[in-house]
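> Sending over entry.cif (mmCIF, C-alpha atoms and all ligand atoms).
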```
data_target
#
loop_
_atom_site.label_atom_id
_atom_site.label_comp_id
_atom_site.auth_asym_id
_atom_site.auth_seq_id
_atom_site.Cartn_x
_atom_site.Cartn_y
_atom_site.Cartn_z
CA MET A 1 11.45 23.96 -2.24
CA ASN A 2 9.24 27.07 -1.99
CA ASP A 3 8.03 28.81 1.19
CA GLU A 4 4.63 27.12 1.14
CA GLN A 5 6.28 23.71 0.87
CA LEU A 6 8.74 24.53 3.67
CA MET A 7 5.75 25.39 5.88
CA ARG A 8 3.62 22.44 4.83
CA TYR A 9 6.31 19.85 5.47
CA SER A 10 8.03 21.67 8.34
CA ARG A 11 7.41 18.98 11.00
CA GLN A 12 8.82 16.32 8.71
CA LEU A 13 11.77 18.46 7.62
CA LEU A 14 12.73 18.80 11.28
CA LEU A 15 13.60 15.10 11.34
CA PRO A 16 17.31 14.76 10.58
CA GLN A 17 16.53 11.48 8.79
CA VAL A 18 14.24 13.32 6.37
CA ASP A 19 15.45 16.92 5.98
CA ILE A 20 15.16 18.69 2.61
CA GLU A 21 16.95 15.89 0.81
CA GLY A 22 14.45 13.26 2.00
CA GLN A 23 11.49 15.50 1.25
CA GLU A 24 12.77 16.01 -2.29
CA LYS A 25 13.03 12.25 -2.71
CA LEU A 26 9.37 11.97 -1.70
CA GLN A 27 8.39 14.69 -4.16
CA ALA A 28 10.18 12.87 -6.96
CA ALA A 29 8.58 9.51 -6.09
CA LYS A 30 5.80 7.66 -7.85
CA VAL A 31 3.78 5.08 -5.93
CA MET A 32 1.02 2.75 -7.08
CA ILE A 33 -1.73 1.96 -4.57
CA ILE A 34 -3.90 -0.98 -5.54
CA GLY A 35 -7.20 -1.06 -3.67
CA LEU A 36 -8.83 1.98 -2.04
CA GLY A 37 -10.60 0.22 0.80
CA GLY A 38 -9.73 -0.14 4.46
CA LEU A 39 -5.97 -0.46 3.87
CA GLY A 40 -5.73 1.84 0.86
CA SER A 41 -7.51 4.67 2.70
CA PRO A 42 -4.81 5.43 5.30
CA VAL A 43 -2.06 4.54 2.80
CA ALA A 44 -3.27 7.15 0.29
CA LEU A 45 -4.02 9.78 2.95
CA TYR A 46 -0.62 9.55 4.64
CA LEU A 47 1.41 9.35 1.43
CA ALA A 48 -0.37 12.40 0.01
CA ALA A 49 -0.05 14.29 3.30
CA ALA A 50 3.67 13.42 3.50
CA GLY A 51 4.23 14.85 0.02
CA VAL A 52 4.79 11.86 -2.27
CA GLY A 53 4.91 13.40 -5.75
CA GLU A 54 2.63 11.10 -7.70
CA LEU A 55 0.09 8.49 -6.63
CA ILE A 56 -1.51 6.08 -9.07
CA LEU A 57 -4.76 4.88 -7.52
CA CYS A 58 -6.41 1.68 -8.75
CA ASP A 59 -9.86 0.41 -7.81
CA PHE A 60 -12.75 -0.74 -9.98
CA ASP A 61 -15.31 -0.52 -7.19
CA LYS A 62 -17.83 2.10 -6.05
CA VAL A 63 -18.40 3.32 -2.50
CA ASP A 64 -21.04 1.38 -0.54
CA VAL A 65 -22.49 2.36 2.84
CA SER A 66 -20.98 -0.81 4.36
CA ASN A 67 -17.50 0.49 3.42
CA LEU A 68 -17.68 3.61 5.58
CA GLN A 69 -17.05 1.78 8.88
CA ARG A 70 -13.37 1.45 7.94
CA GLN A 71 -12.61 3.01 4.53
CA VAL A 72 -11.95 6.44 6.00
CA ILE A 73 -10.93 8.23 2.80
CA HIS A 74 -14.55 8.03 1.60
CA GLY A 75 -17.57 9.87 3.01
CA SER A 76 -21.36 9.59 2.91
CA ASP A 77 -21.49 12.01 -0.04
CA SER A 78 -19.45 9.54 -2.12
CA ILE A 79 -21.82 6.58 -1.87
CA ASP A 80 -22.29 5.09 -5.37
CA CYS A 81 -19.31 7.09 -6.73
CA PHE A 82 -16.16 5.37 -7.94
CA LYS A 83 -13.71 4.94 -5.06
CA VAL A 84 -10.99 6.40 -7.29
CA ASP A 85 -12.98 9.64 -7.80
CA SER A 86 -13.95 9.85 -4.15
CA ALA A 87 -10.32 9.35 -3.08
CA ILE A 88 -8.90 11.87 -5.55
CA ASN A 89 -11.39 14.50 -4.30
CA ARG A 90 -10.30 14.01 -0.72
CA LEU A 91 -6.59 13.80 -1.55
CA THR A 92 -6.63 16.91 -3.73
CA ASP A 93 -8.14 18.81 -0.81
CA LEU A 94 -5.54 17.36 1.57
CA ASN A 95 -2.52 18.13 -0.61
CA PRO A 96 -2.94 19.89 -3.97
CA GLU A 97 0.85 19.67 -4.41
CA CYS A 98 0.61 15.98 -5.28
CA GLN A 99 -0.42 14.49 -8.59
CA PHE A 100 -3.10 11.82 -8.61
CA ARG A 101 -4.06 9.49 -11.41
CA GLY A 102 -6.93 7.03 -11.17
CA ILE A 103 -7.43 3.65 -12.84
CA LYS A 104 -11.04 2.48 -12.54
CA GLU A 105 -10.45 -1.05 -13.72
CA SER A 106 -9.85 -4.36 -12.09
CA ILE A 107 -6.06 -4.69 -11.92
CA ASN A 108 -4.59 -6.92 -14.62
CA GLU A 109 -1.26 -7.91 -16.11
CA GLN A 110 -1.44 -5.30 -18.86
CA ILE A 111 -1.98 -2.37 -16.48
CA LEU A 112 0.84 -3.61 -14.27
CA SER A 113 3.31 -4.05 -17.10
CA ASP A 114 2.45 -0.58 -18.43
CA GLU A 115 2.86 1.15 -15.07
CA LEU A 116 5.49 -0.74 -13.10
CA PRO A 117 8.62 0.28 -15.06
CA SER A 118 8.17 3.86 -13.80
CA VAL A 119 6.82 3.11 -10.31
CA ASP A 120 9.09 3.21 -7.21
CA VAL A 121 6.92 1.13 -4.86
CA VAL A 122 3.69 -0.87 -5.28
CA ILE A 123 1.39 -1.06 -2.26
CA ASP A 124 -0.97 -4.01 -2.25
CA CYS A 125 -4.17 -3.05 -0.43
CA THR A 126 -6.41 -5.62 -2.10
CA ASP A 127 -8.51 -8.22 -0.35
CA ASN A 128 -8.13 -11.42 -2.33
CA LEU A 129 -5.31 -13.84 -2.88
CA SER A 130 -5.52 -14.25 -6.66
CA THR A 131 -5.07 -10.49 -7.13
CA ARG A 132 -2.23 -10.45 -4.61
CA LEU A 133 -0.42 -13.20 -6.47
CA LEU A 134 -0.91 -11.40 -9.79
CA ILE A 135 0.53 -8.17 -8.35
CA ASN A 136 3.44 -10.09 -6.83
CA LYS A 137 4.31 -11.72 -10.13
CA SER A 138 4.49 -8.38 -11.94
CA CYS A 139 6.55 -6.83 -9.14
CA VAL A 140 9.05 -9.70 -9.38
CA ILE A 141 9.27 -9.36 -13.18
CA HIS A 142 9.82 -5.58 -13.01
CA GLN A 143 11.90 -5.75 -9.80
CA THR A 144 9.55 -3.29 -8.11
CA PRO A 145 9.45 -3.21 -4.29
CA LEU A 146 6.13 -4.47 -2.90
CA VAL A 147 4.61 -3.46 0.43
CA SER A 148 1.80 -5.85 1.18
CA GLY A 149 -0.85 -5.63 3.89
CA ALA A 150 -3.77 -7.75 5.00
CA ALA A 151 -6.27 -7.50 7.84
CA ILE A 152 -9.19 -9.51 9.13
CA ARG A 153 -11.07 -9.63 12.47
CA MET A 154 -8.51 -8.00 14.79
CA GLU A 155 -5.53 -9.58 13.08
CA GLY A 156 -3.22 -8.13 10.52
CA GLN A 157 0.01 -8.65 8.65
CA LEU A 158 2.49 -6.48 6.84
CA SER A 159 5.24 -7.75 4.57
CA ILE A 160 7.96 -6.14 2.48
CA PHE A 161 9.56 -7.61 -0.61
CA ILE A 162 12.30 -5.58 -2.27
CA ASN A 163 12.28 -7.82 -5.37
CA SER A 164 15.88 -7.12 -6.29
CA GLY A 165 16.23 -10.69 -7.56
CA LYS A 166 17.93 -12.11 -4.47
CA GLY A 167 15.24 -12.27 -1.78
CA PRO A 168 11.92 -14.07 -1.41
CA CYS A 169 8.63 -12.94 -2.94
CA TYR A 170 5.01 -12.96 -1.76
CA GLN A 171 4.34 -16.22 -3.58
CA CYS A 172 7.04 -17.91 -1.46
CA LEU A 173 4.52 -17.78 1.41
CA PHE A 174 2.23 -20.25 -0.30
CA SER A 175 2.52 -23.78 -1.47
CA ASP A 176 0.42 -24.34 -4.60
CA THR A 177 -2.35 -26.10 -2.69
CA ASN A 178 -2.54 -23.58 0.12
CA THR A 179 -4.70 -20.91 -1.53
CA GLU A 180 -7.85 -20.93 0.66
CA GLN A 181 -8.56 -17.52 2.09
CA GLU A 182 -11.06 -15.76 4.32
CA THR A 183 -12.45 -12.35 3.38
CA CYS A 184 -13.64 -9.38 5.44
CA SER A 185 -17.09 -9.56 3.88
CA GLU A 186 -17.56 -13.06 5.28
CA THR A 187 -15.56 -12.88 8.51
CA GLY A 188 -15.67 -9.21 9.54
CA VAL A 189 -12.99 -6.76 10.62
CA LEU A 190 -12.67 -4.14 13.35
CA ALA A 191 -12.45 -0.59 11.95
CA SER A 192 -9.10 0.31 13.52
CA THR A 193 -7.40 -2.94 12.51
CA VAL A 194 -7.21 -1.96 8.83
CA GLY A 195 -6.12 1.53 9.93
CA ILE A 196 -3.13 0.16 11.85
CA ILE A 197 -1.94 -2.09 9.04
CA GLY A 198 -2.54 0.52 6.31
CA THR A 199 -0.71 3.15 8.32
CA LEU A 200 2.23 0.76 8.73
CA GLN A 201 2.24 0.19 4.97
CA ALA A 202 2.43 3.97 4.48
CA GLN A 203 5.29 4.27 6.98
CA GLU A 204 7.33 1.45 5.44
CA THR A 205 6.81 3.00 2.00
CA LEU A 206 8.01 6.42 3.16
CA LYS A 207 11.12 4.76 4.65
CA LEU A 208 11.81 2.91 1.40
CA LEU A 209 11.36 6.08 -0.69
CA ILE A 210 13.63 8.19 1.53
CA GLY A 211 16.06 5.32 2.03
CA ILE A 212 16.09 5.32 5.84
CA GLY A 213 15.60 2.83 8.66
CA LYS A 214 15.31 -0.89 8.58
CA SER A 215 13.13 -2.45 5.90
CA GLN A 216 14.34 -5.99 5.75
CA ASP A 217 13.66 -7.85 2.50
CA GLY A 218 11.05 -10.55 3.18
CA SER A 219 10.22 -9.26 6.63
CA MET A 220 6.74 -9.96 7.92
CA LEU A 221 5.06 -8.40 10.92
CA LEU A 222 2.03 -10.16 12.38
CA MET A 223 -0.44 -8.42 14.69
CA ASP A 224 -2.76 -10.15 17.09
CA GLY A 225 -5.03 -7.26 18.01
CA MET A 226 -7.03 -9.18 20.63
CA ALA A 227 -3.90 -10.01 22.62
CA SER A 228 -2.18 -6.72 21.67
CA GLU A 229 0.81 -8.73 20.52
CA TRP A 230 3.17 -8.43 17.57
CA ARG A 231 5.38 -11.06 16.05
CA ASN A 232 8.21 -10.65 13.57
CA MET A 233 9.17 -13.28 11.06
CA THR A 234 11.20 -13.53 7.89
CA VAL A 235 9.85 -15.14 4.74
CA THR A 236 12.32 -17.61 3.31
CA LYS A 237 12.89 -17.82 -0.42
CA ARG A 238 11.57 -21.12 -1.77
CA SER A 239 13.82 -22.65 -4.39
CA ASP A 240 10.69 -24.21 -6.00
CA CYS A 241 8.74 -20.92 -6.01
CA PRO A 242 7.00 -20.70 -9.40
CA VAL A 243 7.56 -16.93 -9.52
CA CYS A 244 11.00 -16.14 -8.07
CA GLY A 245 12.58 -19.58 -7.74
ZN ZN B 1 8.94 -16.48 -4.54
#
```
Represent the structure from my file as structure tokens, please.


Amino acid sequence: MNDEQLMRYSRQLLLPQVDIEGQEKLQAAKVMIIGLGGLGSPVALYLAAAGVGELILCDFDKVDVSNLQRQVIHGSDSIDCFKVDSAINRLTDLNPECQFRGIKESINEQILSDELPSVDVVIDCTDNLSTRLLINKSCVIHQTPLVSGAAIRMEGQLSIFINSGKGPCYQCLFSDTNTEQETCSETGVLASTVGIIGTLQAQETLKLLIGIGKSQDGSMLLMDGMASEWRNMTVTKRSDCPVCG
């Protein structure tokens, strides 16, 4: 690690749980962030700031003025630009040490099977269930850890699936008929709610990459922002799960 890196990451290096060894693990890591909206914004910002070596950023969409209330990686100057380009501009300014690669396509099975074999963690920051289930399936096939987040109104959830072959997967949460879902564009979301969940996704990813703390396979954290209450639950593996069962 050079002098500039020792300075840049000094507050993180002070943590005995991180130290130089942990920082080098972050530098060697490759993370895929799918979705650069309200969740993906803090995820990408904190992972780049913390010094994750390579981020693959996927989003097909362009920045709209209605995004700026919560998608804090983008600014007014980026309206009508691809979110991937807008994000890479901001992230390169934040930490030129990191490598960024953008994919301006709707995520699909081909992209996932090309990328996942070399990715350490996938972070699902998308906003619809069919995409989430597609990402989950690929993560199970490639045994890639998945950190999944969702937020609506003032409620949010964070779940972690290690996908080592033993534990549950994201699909285990749903029976085949239970696929109705609300979206932010119909229901609304408070700005800070996506920030909290996205920031938690970043933190859990950093822990997984460094190999510290508790990141229980199949753990799910539920936030009720109105009541300021948190609930912890564990997803159970379904023997009839069409993906991991
Ligand atoms: Zn499953």

> How many Å lie between CA of Ser148 (chain A) and CA of Ile123 (chain A), rounded to one decimal?

5.9 Å

> Between CA of Asn67 (chain A) and CA of Arg101 (chain A), what is the distance in Å, rounded to a tenth?

21.9 Å

> Using only C-alpha atoms and all ligand atoms, find the one residue out of A:Ala191, A:Ile56, A:Cys169, A:Ala28 that sits nearest to ligand ZN 1 (chain B).

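Checking each of A:Ala191, A:Ile56, A:Cys169, A:Ala28 against ligand ZN 1 (chain B), counting only C-alpha atoms and all ligand atoms, the winner is A:Cys169.
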
> Counting all atoms listed in the file, find the residues whose atoms lie at most 9 Å from (-5.3, 1.8, 8.0) (file coordinates) and write them out as a PyMOL selection string.

chain A and resi 38-43+70-72+191-202

> Work out how far apart CA of Tyr46 (chain A) and CA of Thr92 (chain A) are and give it in Å to one decimal.

12.7 Å

> Missing atoms in region 45-56 of chain A: can you complete it with all heavy atoms, as a PDB file, keeping the file's coordinate frame?


```pdb
ATOM      1  N   LEU A  45      -3.971   8.532   2.169  1.00  0.00           N
ATOM      2  CA  LEU A  45      -4.020   9.780   2.950  1.00  0.00           C
ATOM      3  C   LEU A  45      -2.632  10.157   3.474  1.00  0.00           C
ATOM      4  O   LEU A  45      -2.199  11.305   3.320  1.00  0.00           O
ATOM      5  CB  LEU A  45      -4.999   9.630   4.125  1.00  0.00           C
ATOM      6  CG  LEU A  45      -6.493   9.635   3.760  1.00  0.00           C
ATOM      7  CD1 LEU A  45      -7.342   9.152   4.939  1.00  0.00           C
ATOM      8  CD2 LEU A  45      -6.955  11.034   3.333  1.00  0.00           C
ATOM      9  N   TYR A  46      -1.930   9.197   4.057  1.00  0.00           N
ATOM     10  CA  TYR A  46      -0.620   9.550   4.640  1.00  0.00           C
ATOM     11  C   TYR A  46       0.431   9.812   3.571  1.00  0.00           C
ATOM     12  O   TYR A  46       1.291  10.676   3.753  1.00  0.00           O
ATOM     13  CB  TYR A  46      -0.151   8.468   5.622  1.00  0.00           C
ATOM     14  CG  TYR A  46      -0.787   8.654   6.981  1.00  0.00           C
ATOM     15  CD1 TYR A  46      -1.670   7.719   7.500  1.00  0.00           C
ATOM     16  CD2 TYR A  46      -0.518   9.794   7.727  1.00  0.00           C
ATOM     17  CE1 TYR A  46      -2.273   7.910   8.734  1.00  0.00           C
ATOM     18  CE2 TYR A  46      -1.110   9.997   8.964  1.00  0.00           C
ATOM     19  CZ  TYR A  46      -1.988   9.050   9.467  1.00  0.00           C
ATOM     20  OH  TYR A  46      -2.580   9.250  10.677  1.00  0.00           O
ATOM     21  N   LEU A  47       0.393   9.099   2.469  1.00  0.00           N
ATOM     22  CA  LEU A  47       1.410   9.350   1.430  1.00  0.00           C
ATOM     23  C   LEU A  47       1.188  10.710   0.782  1.00  0.00           C
ATOM     24  O   LEU A  47       2.132  11.433   0.490  1.00  0.00           O
ATOM     25  CB  LEU A  47       1.401   8.240   0.384  1.00  0.00           C
ATOM     26  CG  LEU A  47       1.864   6.860   0.860  1.00  0.00           C
ATOM     27  CD1 LEU A  47       2.049   5.919  -0.323  1.00  0.00           C
ATOM     28  CD2 LEU A  47       3.139   6.919   1.676  1.00  0.00           C
ATOM     29  N   ALA A  48      -0.082  11.076   0.572  1.00  0.00           N
ATOM     30  CA  ALA A  48      -0.370  12.400   0.010  1.00  0.00           C
ATOM     31  C   ALA A  48       0.019  13.477   1.019  1.00  0.00           C
ATOM     32  O   ALA A  48       0.682  14.458   0.676  1.00  0.00           O
ATOM     33  CB  ALA A  48      -1.842  12.514  -0.362  1.00  0.00           C
ATOM     34  N   ALA A  49      -0.364  13.287   2.272  1.00  0.00           N
ATOM     35  CA  ALA A  49      -0.050  14.290   3.300  1.00  0.00           C
ATOM     36  C   ALA A  49       1.467  14.469   3.442  1.00  0.00           C
ATOM     37  O   ALA A  49       1.953  15.586   3.615  1.00  0.00           O
ATOM     38  CB  ALA A  49      -0.651  13.864   4.639  1.00  0.00           C
ATOM     39  N   ALA A  50       2.214  13.368   3.336  1.00  0.00           N
ATOM     40  CA  ALA A  50       3.670  13.420   3.500  1.00  0.00           C
ATOM     41  C   ALA A  50       4.371  14.041   2.300  1.00  0.00           C
ATOM     42  O   ALA A  50       5.547  14.381   2.384  1.00  0.00           O
ATOM     43  CB  ALA A  50       4.214  12.010   3.741  1.00  0.00           C
ATOM     44  N   GLY A  51       3.651  14.163   1.170  1.00  0.00           N
ATOM     45  CA  GLY A  51       4.230  14.850   0.020  1.00  0.00           C
ATOM     46  C   GLY A  51       4.826  13.962  -1.044  1.00  0.00           C
ATOM     47  O   GLY A  51       5.717  14.389  -1.789  1.00  0.00           O
ATOM     48  N   VAL A  52       4.343  12.718  -1.156  1.00  0.00           N
ATOM     49  CA  VAL A  52       4.790  11.860  -2.270  1.00  0.00           C
ATOM     50  C   VAL A  52       4.309  12.501  -3.583  1.00  0.00           C
ATOM     51  O   VAL A  52       3.141  12.881  -3.705  1.00  0.00           O
ATOM     52  CB  VAL A  52       4.248  10.425  -2.115  1.00  0.00           C
ATOM     53  CG1 VAL A  52       4.528   9.594  -3.360  1.00  0.00           C
ATOM     54  CG2 VAL A  52       4.865   9.759  -0.885  1.00  0.00           C
ATOM     55  N   GLY A  53       5.196  12.625  -4.545  1.00  0.00           N
ATOM     56  CA  GLY A  53       4.910  13.400  -5.750  1.00  0.00           C
ATOM     57  C   GLY A  53       3.748  12.918  -6.588  1.00  0.00           C
ATOM     58  O   GLY A  53       2.903  13.688  -7.009  1.00  0.00           O
ATOM     59  N   GLU A  54       3.695  11.612  -6.836  1.00  0.00           N
ATOM     60  CA  GLU A  54       2.630  11.100  -7.700  1.00  0.00           C
ATOM     61  C   GLU A  54       2.075   9.789  -7.155  1.00  0.00           C
ATOM     62  O   GLU A  54       2.828   8.859  -6.846  1.00  0.00           O
ATOM     63  CB  GLU A  54       3.157  10.890  -9.129  1.00  0.00           C
ATOM     64  CG  GLU A  54       2.038  10.495 -10.087  1.00  0.00           C
ATOM     65  CD  GLU A  54       2.491  10.353 -11.544  1.00  0.00           C
ATOM     66  OE1 GLU A  54       3.638  10.734 -11.862  1.00  0.00           O
ATOM     67  OE2 GLU A  54       1.686   9.846 -12.342  1.00  0.00           O
ATOM     68  N   LEU A  55       0.769   9.721  -7.063  1.00  0.00           N
ATOM     69  CA  LEU A  55       0.090   8.490  -6.630  1.00  0.00           C
ATOM     70  C   LEU A  55      -0.791   7.989  -7.775  1.00  0.00           C
ATOM     71  O   LEU A  55      -1.599   8.742  -8.314  1.00  0.00           O
ATOM     72  CB  LEU A  55      -0.775   8.744  -5.398  1.00  0.00           C
ATOM     73  CG  LEU A  55      -0.086   9.203  -4.111  1.00  0.00           C
ATOM     74  CD1 LEU A  55      -1.116   9.390  -2.992  1.00  0.00           C
ATOM     75  CD2 LEU A  55       0.979   8.204  -3.669  1.00  0.00           C
ATOM     76  N   ILE A  56      -0.608   6.724  -8.114  1.00  0.00           N
ATOM     77  CA  ILE A  56      -1.510   6.080  -9.070  1.00  0.00           C
ATOM     78  C   ILE A  56      -2.474   5.231  -8.238  1.00  0.00           C
ATOM     79  O   ILE A  56      -2.041   4.374  -7.459  1.00  0.00           O
ATOM     80  CB  ILE A  56      -0.733   5.177 -10.050  1.00  0.00           C
ATOM     81  CG1 ILE A  56       0.332   5.994 -10.766  1.00  0.00           C
ATOM     82  CG2 ILE A  56      -1.677   4.547 -11.066  1.00  0.00           C
ATOM     83  CD1 ILE A  56       1.285   5.130 -11.565  1.00  0.00           C
TER      84      ILE A  56
END
```
